[in-house]
>>> print(open('protein.txt').read())   # compact mmCIF, C-alpha atoms and all ligand atoms
# COMPACT_ATOMS: atom_id res chain seq x y z
CA MET A 8 -43.48 194.90 33.25
CA THR A 9 -47.10 195.84 32.43
CA HIS A 10 -45.69 198.38 30.05
CA ILE A 11 -43.68 195.71 28.14
CA ILE A 12 -46.65 193.34 27.93
CA LEU A 13 -48.87 196.15 26.67
CA LYS A 14 -46.24 197.09 24.06
CA ARG A 15 -46.04 193.44 22.84
CA HIS A 16 -49.81 193.33 22.68
CA CYS A 17 -49.91 196.47 20.55
CA PHE A 18 -47.29 194.99 18.23
CA SER A 19 -49.28 191.77 17.70
CA ILE A 20 -52.45 193.77 17.01
CA PHE A 21 -50.49 195.83 14.51
CA PHE A 22 -49.10 192.73 12.75
CA CYS A 23 -52.51 191.04 12.71
CA ALA A 24 -53.99 194.14 11.11
CA ILE A 25 -51.23 194.20 8.44
CA ALA A 26 -51.76 190.47 7.76
CA ALA A 27 -55.54 190.93 7.48
CA LEU A 28 -55.09 193.88 5.13
CA SER A 29 -52.74 191.96 2.87
CA ILE A 30 -55.15 188.99 2.77
CA ILE A 31 -58.00 191.33 1.83
CA SER A 32 -55.92 193.00 -0.90
CA CYS A 33 -54.89 189.54 -2.31
CA ALA A 34 -58.45 188.20 -2.25
CA ARG A 35 -59.55 190.34 -5.17
CA THR A 36 -62.89 189.46 -6.72
CA GLU A 37 -63.74 189.99 -10.33
CA SER A 38 -67.03 189.27 -12.06
CA GLN A 39 -67.83 189.55 -15.71
CA TYR A 40 -71.22 189.21 -17.37
CA PHE A 41 -71.47 188.65 -21.10
CA GLU A 42 -73.54 186.99 -23.77
CA SER A 43 -72.17 184.07 -25.74
CA MET A 44 -73.46 180.81 -27.25
CA ASN A 45 -76.99 182.27 -27.23
CA THR A 46 -77.09 182.63 -23.47
CA PHE A 47 -76.01 184.85 -20.57
CA MET A 48 -72.79 183.99 -18.82
CA LYS A 49 -71.14 185.08 -15.60
CA VAL A 50 -67.55 184.35 -14.65
CA GLN A 51 -66.66 185.13 -11.06
CA CYS A 52 -63.08 184.81 -9.99
CA TYR A 53 -61.09 185.30 -6.77
CA GLY A 54 -57.44 186.04 -6.08
CA LYS A 55 -54.58 187.87 -7.71
CA HIS A 56 -54.87 188.30 -11.50
CA SER A 57 -58.67 187.87 -11.38
CA ALA A 58 -59.24 190.70 -13.83
CA GLU A 59 -56.89 189.20 -16.42
CA ALA A 60 -58.32 185.72 -15.80
CA VAL A 61 -61.99 186.65 -16.36
CA SER A 62 -61.10 188.56 -19.53
CA ALA A 63 -59.08 185.60 -20.83
CA ALA A 64 -61.98 183.25 -19.99
CA GLN A 65 -64.47 185.42 -21.87
CA LYS A 66 -62.12 185.66 -24.87
CA ARG A 67 -61.70 181.89 -25.01
CA ILE A 68 -65.46 181.25 -24.77
CA THR A 69 -66.11 183.75 -27.57
CA GLU A 70 -63.45 182.08 -29.75
CA LEU A 71 -65.10 178.70 -29.22
CA GLU A 72 -68.52 180.11 -30.05
CA THR A 73 -67.06 181.24 -33.38
CA LEU A 74 -65.79 177.71 -34.06
CA LEU A 75 -68.84 175.78 -32.89
CA SER A 76 -71.88 177.88 -33.79
CA VAL A 77 -74.37 176.14 -36.02
CA THR A 78 -75.51 179.44 -37.56
CA LYS A 79 -72.34 181.55 -38.02
CA PRO A 80 -71.09 181.04 -41.59
CA GLU A 81 -67.45 181.31 -40.48
CA SER A 82 -67.73 178.48 -37.90
CA ASP A 83 -66.26 175.00 -38.38
CA ILE A 84 -69.67 173.45 -37.79
CA TYR A 85 -71.39 175.66 -40.36
CA ARG A 86 -68.68 174.88 -42.93
CA LEU A 87 -69.10 171.17 -42.23
CA ASN A 88 -72.87 171.33 -42.46
CA ASN A 89 -72.77 173.20 -45.75
CA ALA A 90 -69.77 171.47 -47.34
CA PRO A 91 -70.11 170.67 -51.05
CA SER A 92 -67.78 167.67 -50.51
CA TYR A 93 -65.73 165.87 -47.84
CA PRO A 94 -63.25 165.70 -46.17
CA VAL A 95 -63.38 169.09 -44.51
CA SER A 96 -60.52 170.40 -42.42
CA VAL A 97 -61.45 171.85 -39.02
CA SER A 98 -59.63 173.24 -35.97
CA GLU A 99 -58.12 170.86 -33.42
CA GLU A 100 -60.70 171.87 -30.83
CA THR A 101 -63.62 171.13 -33.15
CA ALA A 102 -62.15 167.78 -34.22
CA HIS A 103 -61.59 166.88 -30.57
CA LEU A 104 -65.13 167.86 -29.53
CA ILE A 105 -66.69 165.96 -32.44
CA SER A 106 -64.64 162.82 -31.61
CA PHE A 107 -65.70 163.12 -27.98
CA SER A 108 -69.36 163.54 -28.99
CA LEU A 109 -69.24 160.51 -31.29
CA ASP A 110 -67.72 158.48 -28.49
CA ILE A 111 -70.53 159.49 -26.09
CA ALA A 112 -73.08 158.75 -28.82
CA GLU A 113 -71.65 155.23 -29.07
CA LYS A 114 -71.52 154.74 -25.27
CA THR A 115 -75.09 155.95 -24.75
CA GLY A 116 -76.44 153.84 -27.62
CA GLY A 117 -77.46 157.01 -29.51
CA ALA A 118 -79.37 158.68 -26.65
CA PHE A 119 -76.78 161.38 -27.21
CA ASN A 120 -76.50 162.15 -30.91
CA PRO A 121 -74.51 165.14 -32.25
CA CYS A 122 -75.98 164.60 -35.74
CA LEU A 123 -79.63 165.42 -35.08
CA TYR A 124 -79.59 168.81 -36.78
CA PRO A 125 -81.36 167.65 -39.97
CA VAL A 126 -84.30 166.74 -37.68
CA THR A 127 -84.13 169.49 -35.03
CA SER A 128 -83.93 172.23 -37.69
CA LEU A 129 -87.26 171.00 -39.13
CA TRP A 130 -88.86 171.85 -35.78
CA GLY A 131 -87.47 175.39 -35.94
CA PHE A 132 -85.56 175.35 -32.64
CA THR A 133 -82.54 177.25 -34.00
CA GLN A 134 -84.39 180.12 -35.67
CA LYS A 135 -87.36 180.02 -33.24
CA ASN A 136 -89.78 179.49 -36.14
CA PHE A 137 -91.37 176.57 -34.31
CA ARG A 138 -93.64 174.11 -36.07
CA VAL A 139 -94.52 170.43 -36.01
CA PRO A 140 -93.08 168.87 -39.18
CA SER A 141 -94.96 166.24 -41.16
CA ALA A 142 -94.24 162.55 -40.61
CA GLN A 143 -92.87 162.49 -44.16
CA GLU A 144 -90.36 165.27 -43.44
CA ILE A 145 -89.13 163.52 -40.31
CA ALA A 146 -88.85 160.17 -42.09
CA SER A 147 -86.70 161.74 -44.82
CA ALA A 148 -84.42 163.49 -42.31
CA LEU A 149 -83.86 160.56 -39.94
CA PRO A 150 -81.44 158.58 -42.17
CA LEU A 151 -79.20 161.68 -42.19
CA THR A 152 -78.71 161.47 -38.42
CA ASP A 153 -76.63 158.28 -38.30
CA PHE A 154 -73.62 159.38 -36.24
CA ARG A 155 -71.67 156.24 -37.19
CA ARG A 156 -71.24 157.66 -40.68
CA VAL A 157 -69.15 160.58 -39.43
CA LYS A 158 -65.41 159.87 -39.49
CA VAL A 159 -62.73 161.98 -37.86
CA SER A 160 -59.09 161.54 -38.82
CA GLY A 161 -56.81 164.08 -37.15
CA THR A 162 -58.45 167.40 -38.02
CA SER A 163 -60.08 166.09 -41.16
CA LEU A 164 -63.74 165.16 -41.09
CA SER A 165 -65.95 163.16 -43.44
CA ALA A 166 -69.68 162.63 -43.44
CA GLU A 167 -72.39 161.98 -46.01
CA LYS A 168 -74.14 164.63 -48.01
CA GLY A 169 -77.06 166.14 -46.12
CA MET A 170 -75.71 165.21 -42.68
CA MET A 171 -75.42 168.09 -40.21
CA LEU A 172 -73.78 168.34 -36.80
CA ASP A 173 -74.85 170.36 -33.78
CA MET A 174 -72.64 170.89 -30.71
CA GLY A 175 -75.53 172.50 -28.79
CA ALA A 176 -75.50 169.82 -26.09
CA VAL A 177 -71.74 169.95 -25.37
CA GLY A 178 -70.44 173.35 -26.49
CA LYS A 179 -71.00 175.23 -23.24
CA GLY A 180 -69.46 172.47 -21.11
CA PHE A 181 -66.44 172.32 -23.41
CA ALA A 182 -66.10 176.11 -23.36
CA GLY A 183 -66.24 176.04 -19.54
CA ASP A 184 -63.42 173.47 -19.40
CA GLU A 185 -61.30 175.54 -21.78
CA ALA A 186 -61.95 178.74 -19.80
CA ILE A 187 -61.01 176.93 -16.58
CA LYS A 188 -57.73 175.69 -18.12
CA ILE A 189 -56.76 179.27 -18.94
CA MET A 190 -57.82 180.61 -15.54
CA ARG A 191 -55.78 177.94 -13.75
CA LYS A 192 -52.73 178.85 -15.83
CA GLN A 193 -53.18 182.41 -14.55
CA GLY A 194 -52.94 181.04 -11.01
CA ILE A 195 -56.65 181.15 -10.16
CA ARG A 196 -57.58 178.73 -7.38
CA SER A 197 -61.18 179.81 -6.76
CA ALA A 198 -63.79 180.62 -9.41
CA LEU A 199 -67.42 180.08 -10.25
CA LEU A 200 -68.63 180.01 -13.84
CA ASP A 201 -72.30 180.20 -14.73
CA LEU A 202 -72.53 179.57 -18.45
CA GLY A 203 -76.26 179.86 -19.04
CA GLY A 204 -77.09 177.69 -16.04
CA ASN A 205 -74.17 175.30 -16.56
CA ILE A 206 -72.18 175.69 -13.35
CA GLN A 207 -68.45 174.97 -13.33
CA THR A 208 -66.03 175.60 -10.50
CA ILE A 209 -62.36 175.99 -9.73
CA GLY A 210 -61.48 174.89 -6.21
CA GLY A 211 -63.86 175.87 -3.46
CA LYS A 212 -64.96 179.26 -2.15
CA PRO A 213 -62.19 181.73 -1.24
CA ASP A 214 -62.65 180.72 2.42
CA GLY A 215 -61.84 177.10 1.50
CA SER A 216 -65.34 175.66 1.95
CA PRO A 217 -66.99 173.90 -1.03
CA TRP A 218 -69.30 175.77 -3.41
CA SER A 219 -72.97 175.26 -2.81
CA ILE A 220 -74.66 174.92 -6.19
CA GLY A 221 -78.42 175.45 -6.42
CA ILE A 222 -80.43 172.96 -8.47
CA LYS A 223 -83.25 174.66 -10.34
CA ASN A 224 -86.72 173.76 -9.18
CA PRO A 225 -88.88 172.82 -12.18
CA PHE A 226 -91.99 173.21 -9.99
CA GLY A 227 -91.27 176.58 -8.35
CA ALA A 228 -89.02 179.60 -8.07
CA GLU A 229 -86.75 178.63 -5.17
CA PRO A 230 -83.94 176.09 -5.83
CA LEU A 231 -84.91 172.48 -5.25
CA GLY A 232 -81.80 172.00 -3.20
CA THR A 233 -78.05 172.38 -3.32
CA VAL A 234 -75.07 170.21 -4.19
CA SER A 235 -71.71 170.91 -2.61
CA ALA A 236 -68.94 170.94 -5.18
CA ARG A 237 -65.24 171.61 -5.48
CA ASP A 238 -63.37 171.55 -8.82
CA GLU A 239 -66.49 170.16 -10.44
CA ALA A 240 -69.20 170.91 -12.96
CA VAL A 241 -72.90 170.71 -12.10
CA ILE A 242 -74.85 170.78 -15.35
CA THR A 243 -78.58 170.44 -15.87
CA SER A 244 -80.66 169.75 -18.96
CA GLY A 245 -84.23 170.89 -18.43
CA GLY A 246 -87.31 170.41 -20.57
CA TYR A 247 -88.43 173.83 -19.27
CA GLU A 248 -85.44 175.62 -20.85
CA ARG A 249 -86.71 175.79 -24.43
CA TYR A 250 -90.01 174.52 -25.74
CA PHE A 251 -93.06 175.49 -27.73
CA THR A 252 -96.69 174.48 -27.65
CA GLY A 253 -97.96 173.04 -30.92
CA ASP A 254 -101.38 173.69 -32.49
CA ASP A 255 -102.26 170.29 -31.06
CA GLY A 256 -101.80 171.74 -27.55
CA ARG A 257 -98.78 169.54 -26.83
CA ARG A 258 -95.52 170.86 -25.43
CA TYR A 259 -92.45 170.14 -27.58
CA ILE A 260 -89.07 170.53 -25.89
CA HIS A 261 -85.59 171.14 -27.38
CA ILE A 262 -84.12 167.75 -26.41
CA PHE A 263 -84.72 165.11 -29.04
CA ASP A 264 -85.11 161.38 -29.25
CA GLY A 265 -82.96 160.41 -32.23
CA ARG A 266 -84.90 157.19 -32.78
CA THR A 267 -88.18 158.95 -33.51
CA GLY A 268 -87.08 162.44 -34.61
CA PHE A 269 -89.51 163.85 -32.01
CA PRO A 270 -88.76 165.90 -28.92
CA VAL A 271 -88.34 163.66 -25.89
CA ALA A 272 -91.68 163.01 -24.22
CA ASN A 273 -90.79 160.86 -21.21
CA GLU A 274 -91.32 161.49 -17.49
CA VAL A 275 -88.07 163.46 -17.01
CA VAL A 276 -88.34 167.14 -16.13
CA SER A 277 -84.64 167.75 -15.55
CA ALA A 278 -81.41 165.77 -15.51
CA THR A 279 -78.25 166.99 -13.79
CA ALA A 280 -74.77 165.50 -14.11
CA VAL A 281 -71.94 166.16 -11.64
CA ALA A 282 -68.30 165.38 -12.46
CA GLY A 283 -64.87 166.97 -12.85
CA SER A 284 -65.27 167.50 -16.58
CA GLY A 285 -67.74 170.11 -17.87
CA VAL A 286 -67.98 168.66 -21.35
CA LEU A 287 -68.74 165.22 -19.92
CA CYS A 288 -71.45 166.64 -17.64
CA ASP A 289 -72.98 168.59 -20.51
CA ALA A 290 -73.09 165.50 -22.72
CA LEU A 291 -74.39 163.32 -19.90
CA SER A 292 -77.12 165.67 -18.69
CA THR A 293 -78.59 165.59 -22.19
CA SER A 294 -78.07 161.80 -22.48
CA LEU A 295 -79.66 161.00 -19.10
CA PHE A 296 -82.64 163.18 -19.98
CA VAL A 297 -83.20 161.19 -23.17
CA MET A 298 -82.69 157.83 -21.42
CA GLY A 299 -85.26 158.40 -18.68
CA ALA A 300 -84.72 157.65 -14.98
CA GLU A 301 -84.50 153.87 -15.14
CA LYS A 302 -82.07 153.58 -18.05
CA ALA A 303 -80.04 156.46 -16.66
CA ALA A 304 -79.62 154.56 -13.37
CA GLY A 305 -78.42 151.48 -15.30
CA PHE A 306 -76.00 153.64 -17.31
CA TRP A 307 -74.62 155.17 -14.10
CA ARG A 308 -74.10 151.72 -12.56
CA GLU A 309 -72.07 150.63 -15.57
CA ASN A 310 -70.13 153.86 -16.03
CA PRO A 311 -68.26 155.26 -13.04
CA GLY A 312 -66.94 158.82 -12.98
CA PHE A 313 -70.08 160.93 -12.57
CA GLU A 314 -73.10 161.43 -10.33
CA PHE A 315 -76.62 162.48 -11.25
CA ILE A 316 -79.92 163.98 -10.13
CA ILE A 317 -83.05 163.28 -12.17
CA VAL A 318 -86.36 164.97 -11.42
CA ILE A 319 -89.49 163.42 -12.89
CA ALA A 320 -92.95 164.83 -13.41
CA ASP A 321 -94.69 163.49 -10.30
CA LYS A 322 -92.24 165.32 -8.00
CA LYS A 323 -89.89 162.38 -7.58
CA LEU A 324 -86.17 162.88 -7.50
CA PHE A 325 -83.55 160.21 -8.17
CA LEU A 326 -80.16 160.85 -6.62
CA SER A 327 -77.09 158.74 -7.40
CA GLY A 328 -75.45 157.29 -4.28
CA GLY A 329 -72.33 159.49 -4.47
CA LEU A 330 -74.46 162.60 -3.93
CA GLU A 331 -76.34 161.32 -0.90
CA ALA A 332 -74.17 163.24 1.55
CA ARG A 333 -73.67 166.20 -0.80
CA PHE A 334 -77.25 167.07 -1.72
CA THR A 335 -79.40 169.17 0.61
CA LEU A 336 -83.11 169.41 -0.16
CA ASN A 337 -84.62 172.86 0.21
CA PRO A 338 -86.94 172.59 3.29
CA ASP A 339 -89.64 174.36 1.21
CA CYS A 340 -89.60 171.41 -1.20
CA ALA A 341 -90.49 168.76 1.36
CA ASP A 342 -93.14 167.38 -1.02
CA ILE A 343 -90.36 166.05 -3.30
CA GLU A 344 -89.83 162.34 -2.81
CA ILE A 345 -86.15 161.35 -2.99
CA SER A 346 -84.94 157.87 -4.04
CA ILE A 347 -81.25 157.05 -3.72
CA VAL A 348 -79.91 155.00 -6.61
CA ARG A 349 -77.23 152.56 -5.46
CA ARG A 350 -74.50 150.88 -7.49
CA ASN A 351 -75.73 147.43 -6.58
CA GLY A 352 -79.43 148.38 -6.33
P1 LIG A 401 -78.70 170.58 -23.46
O1 LIG A 401 -79.49 171.79 -23.12
O2 LIG A 401 -77.27 170.61 -23.05
O3 LIG A 401 -79.36 169.32 -23.01
O4 LIG A 401 -78.61 170.51 -25.05
C1 LIG A 401 -79.73 170.54 -25.84
C2 LIG A 401 -79.34 170.94 -27.24
O5 LIG A 401 -78.59 169.88 -27.84
C3 LIG A 401 -80.54 171.14 -28.13
O6 LIG A 401 -80.90 172.49 -28.18
C4 LIG A 401 -80.05 170.63 -29.48
O7 LIG A 401 -79.29 171.63 -30.12
C5 LIG A 401 -79.11 169.51 -29.10
N1 LIG A 401 -79.77 168.20 -28.90
C6 LIG A 401 -81.10 167.93 -28.77
N2 LIG A 401 -81.30 166.62 -28.53
C7 LIG A 401 -80.06 166.05 -28.51
C8 LIG A 401 -79.60 164.71 -28.32
N3 LIG A 401 -80.43 163.70 -28.10
N4 LIG A 401 -78.26 164.50 -28.37
C9 LIG A 401 -77.40 165.51 -28.59
N5 LIG A 401 -77.77 166.79 -28.79
C10 LIG A 401 -79.08 167.05 -28.74
MG MG A 402 -75.94 169.16 -22.46
>>> encode(input="protein.txt", output="structure tokens")
Amino acid sequence: MTHIILKRHCFSIFFCAIAALSIISCARTESQYFESMNTFMKVQCYGKHSAEAVSAAQKRITELETLLSVTKPESDIYRLNNAPSYPVSVSEETAHLISFSLDIAEKTGGAFNPCLYPVTSLWGFTQKNFRVPSAQEIASALPLTDFRRVKVSGTSLSAEKGMMLDMGAVGKGFAGDEAIKIMRKQGIRSALLDLGGNIQTIGGKPDGSPWSIGIKNPFGAEPLGTVSARDEAVITSGGYERYFTGDDGRRYIHIFDGRTGFPVANEVVSATAVAGSGVLCDALSTSLFVMGAEKAAGFWRENPGFEFIIVIADKKLFLSGGLEARFTLNPDCADIEISIVRRNG
């Protein structure tokens, strides 16, 4: 009798070991680091076909960079910006992204504006030849930033001479969405994409728990806190990402106020958007930054479908209600004062 029980026991241990081994061999991990869209990217992927999936993701992101770059002469955006006449025919992806951007520009009352390049290029942000342009230069460039003058019809695009588009605030989010589409088609159910600080996810962690996404601390090295996320993007626009200090001693950041043609100079230090769509989060993080905390809260109340975190200069953090249970403050950042923004607040 003891002998039989012992034998059964050995069998179950054997089968458990086989099962564990096959789980381990299925749960393959693949990570790929590369440079694209002027930033470092990391795609981390779990499960069968991970190797193929990360390569396909990188390929897709590189393709989109070639379409959307503002500096590569072969890109759709460069051709548009340097067109001798309109209409100009572009790829479906570019037409789609421009239509989306114009729609967000309309919805945000121009806080988001994909047509600011005539102004931003004066400040030297693309070529890193930073300078403060004269009031005259800015005044001449501003009329060329009216996004309502850009018309998209199918894949054909018209604008006015001198206008120039820039997908810098949405390109990475869009590329993340496209990479995720491809990875899902390859059967991937768990992945983490870090596209230059833009975090996008497929599913949760391989063990089924949600991803824990660190929010950069503008005041220190350790993350400010974490947001739990599953099948979502967590995308931050930060004034600390790219800036220069002018001869006047002022700091000029890379996010612009289209009304003035000057870099945004409000109280916001960083704005994070959380939603299912990467391109929406990318557009909204930039928009919320430009709006400032109060307007951003009003915009969130009127527009469901995303959550936000805004950090302002005096160490205050505004958290939209939907993140209340999903945000964990780093205990080392106890000096940050959190205000929850409610729908009916
Ligand atoms: P992000 O880091 O996603 O907030 O995008 C910032 C980039 O978008 C800048 O480097 C510019 O290329 C472009 N940009 C700056 N200000 C705006 C704005 N108000 N609306 C749309 N794009 C902008
Ligand atoms: Mg953005």
>>> residues_near_ligand(input="protein.txt", ligand="ligand LIG 401 (chain A)", cutoff="9 Å", atoms="only C-alpha atoms and all ligand atoms", output="tab-separated table (two decimals) with C-alpha atoms, keeping the file's coordinate frame")
chain	number	residue	atom	x	y	z
A	77	VAL	CA	-74.37	176.14	-36.02
A	108	SER	CA	-69.36	163.54	-28.99
A	112	ALA	CA	-73.08	158.75	-28.82
A	117	GLY	CA	-77.46	157.01	-29.51
A	118	ALA	CA	-79.37	158.68	-26.65
A	119	PHE	CA	-76.78	161.38	-27.21
A	120	ASN	CA	-76.50	162.15	-30.91
A	121	PRO	CA	-74.51	165.14	-32.25
A	122	CYS	CA	-75.98	164.60	-35.74
A	123	LEU	CA	-79.63	165.42	-35.08
A	124	TYR	CA	-79.59	168.81	-36.78
A	127	THR	CA	-84.13	169.49	-35.03
A	128	SER	CA	-83.93	172.23	-37.69
A	132	PHE	CA	-85.56	175.35	-32.64
A	133	THR	CA	-82.54	177.25	-34.00
A	173	ASP	CA	-74.85	170.36	-33.78
A	174	MET	CA	-72.64	170.89	-30.71
A	175	GLY	CA	-75.53	172.50	-28.79
A	176	ALA	CA	-75.50	169.82	-26.09
A	177	VAL	CA	-71.74	169.95	-25.37
A	178	GLY	CA	-70.44	173.35	-26.49
A	179	LYS	CA	-71.00	175.23	-23.24
A	180	GLY	CA	-69.46	172.47	-21.11
A	205	ASN	CA	-74.17	175.30	-16.56
A	242	ILE	CA	-74.85	170.78	-15.35
A	243	THR	CA	-78.58	170.44	-15.87
A	244	SER	CA	-80.66	169.75	-18.96
A	245	GLY	CA	-84.23	170.89	-18.43
A	246	GLY	CA	-87.31	170.41	-20.57
A	248	GLU	CA	-85.44	175.62	-20.85
A	249	ARG	CA	-86.71	175.79	-24.43
A	260	ILE	CA	-89.07	170.53	-25.89
A	261	HIS	CA	-85.59	171.14	-27.38
A	262	ILE	CA	-84.12	167.75	-26.41
A	263	PHE	CA	-84.72	165.11	-29.04
A	264	ASP	CA	-85.11	161.38	-29.25
A	265	GLY	CA	-82.96	160.41	-32.23
A	270	PRO	CA	-88.76	165.90	-28.92
A	271	VAL	CA	-88.34	163.66	-25.89
A	278	ALA	CA	-81.41	165.77	-15.51
A	288	CYS	CA	-71.45	166.64	-17.64
A	289	ASP	CA	-72.98	168.59	-20.51
A	290	ALA	CA	-73.09	165.50	-22.72
A	291	LEU	CA	-74.39	163.32	-19.90
A	292	SER	CA	-77.12	165.67	-18.69
A	293	THR	CA	-78.59	165.59	-22.19
A	294	SER	CA	-78.07	161.80	-22.48
A	296	PHE	CA	-82.64	163.18	-19.98
A	297	VAL	CA	-83.20	161.19	-23.17
>>> closest_residue(input="protein.txt", among="A:Tyr93, A:Tyr247, A:Tyr85, A:Phe269", to="Arg138 of chain A", atoms="only C-alpha atoms")
A:Phe269
>>> residues_around(input="protein.txt", residues="segment 57-70 of chain A", least_positions_apart="2", cutoff="10 Å", atoms="all atoms listed in the file", output="PyMOL selection string")
chain A and resi 33-44+48-55+72-75+82+178-179+181-195+197-198+200+202
>>> closest_atom_pairs(input="protein.txt", of="segment 189-242 of chain A", to="segment 342-351 of chain A", cutoff="12 Å", atoms="all atoms listed in the file", output="CSV")
residue,atom,partner,partner_atom,distance
A:Asn224,CA,A:Ile343,CA,10.4
A:Pro225,CA,A:Ile343,CA,11.3
A:Phe226,CA,A:Ile343,CA,9.9
A:Gly227,CA,A:Ile343,CA,11.7
A:Leu231,CA,A:Ile343,CA,8.7
A:Gly232,CA,A:Ile343,CA,10.4
>>> atom_distance(input="protein.txt", atom1="atom CA of Thr279 of chain A", atom2="atom CA of Lys114 of chain A")
18.1 Å
>>> build_atoms(input="protein.txt", residues="segment 254-272 of chain A", atoms="N, CA and C atoms", output="PDB file, in the frame of the given file")
ATOM      1  N   ASP A 254     -99.936 173.444 -32.271  1.00  0.00           N
ATOM      2  CA  ASP A 254    -101.380 173.690 -32.490  1.00  0.00           C
ATOM      3  C   ASP A 254    -102.205 172.583 -31.853  1.00  0.00           C
ATOM      4  N   ASP A 255    -101.567 171.419 -31.684  1.00  0.00           N
ATOM      5  CA  ASP A 255    -102.260 170.290 -31.060  1.00  0.00           C
ATOM      6  C   ASP A 255    -102.299 170.406 -29.533  1.00  0.00           C
ATOM      7  N   GLY A 256    -101.763 171.518 -28.997  1.00  0.00           N
ATOM      8  CA  GLY A 256    -101.800 171.740 -27.550  1.00  0.00           C
ATOM      9  C   GLY A 256    -100.701 171.012 -26.795  1.00  0.00           C
ATOM     10  N   ARG A 257     -99.841 170.272 -27.523  1.00  0.00           N
ATOM     11  CA  ARG A 257     -98.780 169.540 -26.830  1.00  0.00           C
ATOM     12  C   ARG A 257     -97.523 170.388 -26.716  1.00  0.00           C
ATOM     13  N   ARG A 258     -96.752 170.109 -25.650  1.00  0.00           N
ATOM     14  CA  ARG A 258     -95.520 170.860 -25.430  1.00  0.00           C
ATOM     15  C   ARG A 258     -94.363 170.079 -26.070  1.00  0.00           C
ATOM     16  N   TYR A 259     -93.598 170.771 -26.924  1.00  0.00           N
ATOM     17  CA  TYR A 259     -92.450 170.140 -27.580  1.00  0.00           C
ATOM     18  C   TYR A 259     -91.167 170.789 -27.095  1.00  0.00           C
ATOM     19  N   ILE A 260     -90.295 169.975 -26.495  1.00  0.00           N
ATOM     20  CA  ILE A 260     -89.070 170.530 -25.890  1.00  0.00           C
ATOM     21  C   ILE A 260     -87.873 170.425 -26.858  1.00  0.00           C
ATOM     22  N   HIS A 261     -86.751 171.043 -26.467  1.00  0.00           N
ATOM     23  CA  HIS A 261     -85.590 171.140 -27.380  1.00  0.00           C
ATOM     24  C   HIS A 261     -84.656 169.931 -27.319  1.00  0.00           C
ATOM     25  N   ILE A 262     -84.971 168.948 -26.479  1.00  0.00           N
ATOM     26  CA  ILE A 262     -84.120 167.750 -26.410  1.00  0.00           C
ATOM     27  C   ILE A 262     -84.827 166.630 -27.167  1.00  0.00           C
ATOM     28  N   PHE A 263     -84.082 166.016 -28.079  1.00  0.00           N
ATOM     29  CA  PHE A 263     -84.720 165.110 -29.040  1.00  0.00           C
ATOM     30  C   PHE A 263     -84.370 163.636 -28.831  1.00  0.00           C
ATOM     31  N   ASP A 264     -85.326 162.814 -29.220  1.00  0.00           N
ATOM     32  CA  ASP A 264     -85.110 161.380 -29.250  1.00  0.00           C
ATOM     33  C   ASP A 264     -84.742 161.027 -30.699  1.00  0.00           C
ATOM     34  N   GLY A 265     -83.456 160.660 -30.877  1.00  0.00           N
ATOM     35  CA  GLY A 265     -82.960 160.410 -32.230  1.00  0.00           C
ATOM     36  C   GLY A 265     -83.611 159.214 -32.912  1.00  0.00           C
ATOM     37  N   ARG A 266     -84.263 158.359 -32.149  1.00  0.00           N
ATOM     38  CA  ARG A 266     -84.900 157.190 -32.780  1.00  0.00           C
ATOM     39  C   ARG A 266     -86.185 157.594 -33.490  1.00  0.00           C
ATOM     40  N   THR A 267     -86.884 158.571 -32.937  1.00  0.00           N
ATOM     41  CA  THR A 267     -88.180 158.950 -33.510  1.00  0.00           C
ATOM     42  C   THR A 267     -88.131 160.268 -34.285  1.00  0.00           C
ATOM     43  N   GLY A 268     -87.125 161.115 -33.990  1.00  0.00           N
ATOM     44  CA  GLY A 268     -87.080 162.440 -34.610  1.00  0.00           C
ATOM     45  C   GLY A 268     -88.045 163.408 -33.943  1.00  0.00           C
ATOM     46  N   PHE A 269     -88.599 162.995 -32.793  1.00  0.00           N
ATOM     47  CA  PHE A 269     -89.510 163.850 -32.010  1.00  0.00           C
ATOM     48  C   PHE A 269     -88.819 164.335 -30.743  1.00  0.00           C
ATOM     49  N   PRO A 270     -89.265 165.489 -30.235  1.00  0.00           N
ATOM     50  CA  PRO A 270     -88.760 165.900 -28.920  1.00  0.00           C
ATOM     51  C   PRO A 270     -89.062 164.805 -27.890  1.00  0.00           C
ATOM     52  N   VAL A 271     -88.161 164.666 -26.934  1.00  0.00           N
ATOM     53  CA  VAL A 271     -88.340 163.660 -25.890  1.00  0.00           C
ATOM     54  C   VAL A 271     -89.660 163.928 -25.167  1.00  0.00           C
ATOM     55  N   ALA A 272     -90.410 162.850 -24.949  1.00  0.00           N
ATOM     56  CA  ALA A 272     -91.680 163.010 -24.220  1.00  0.00           C
ATOM     57  C   ALA A 272     -91.756 161.909 -23.166  1.00  0.00           C
TER      58      ALA A 272
END
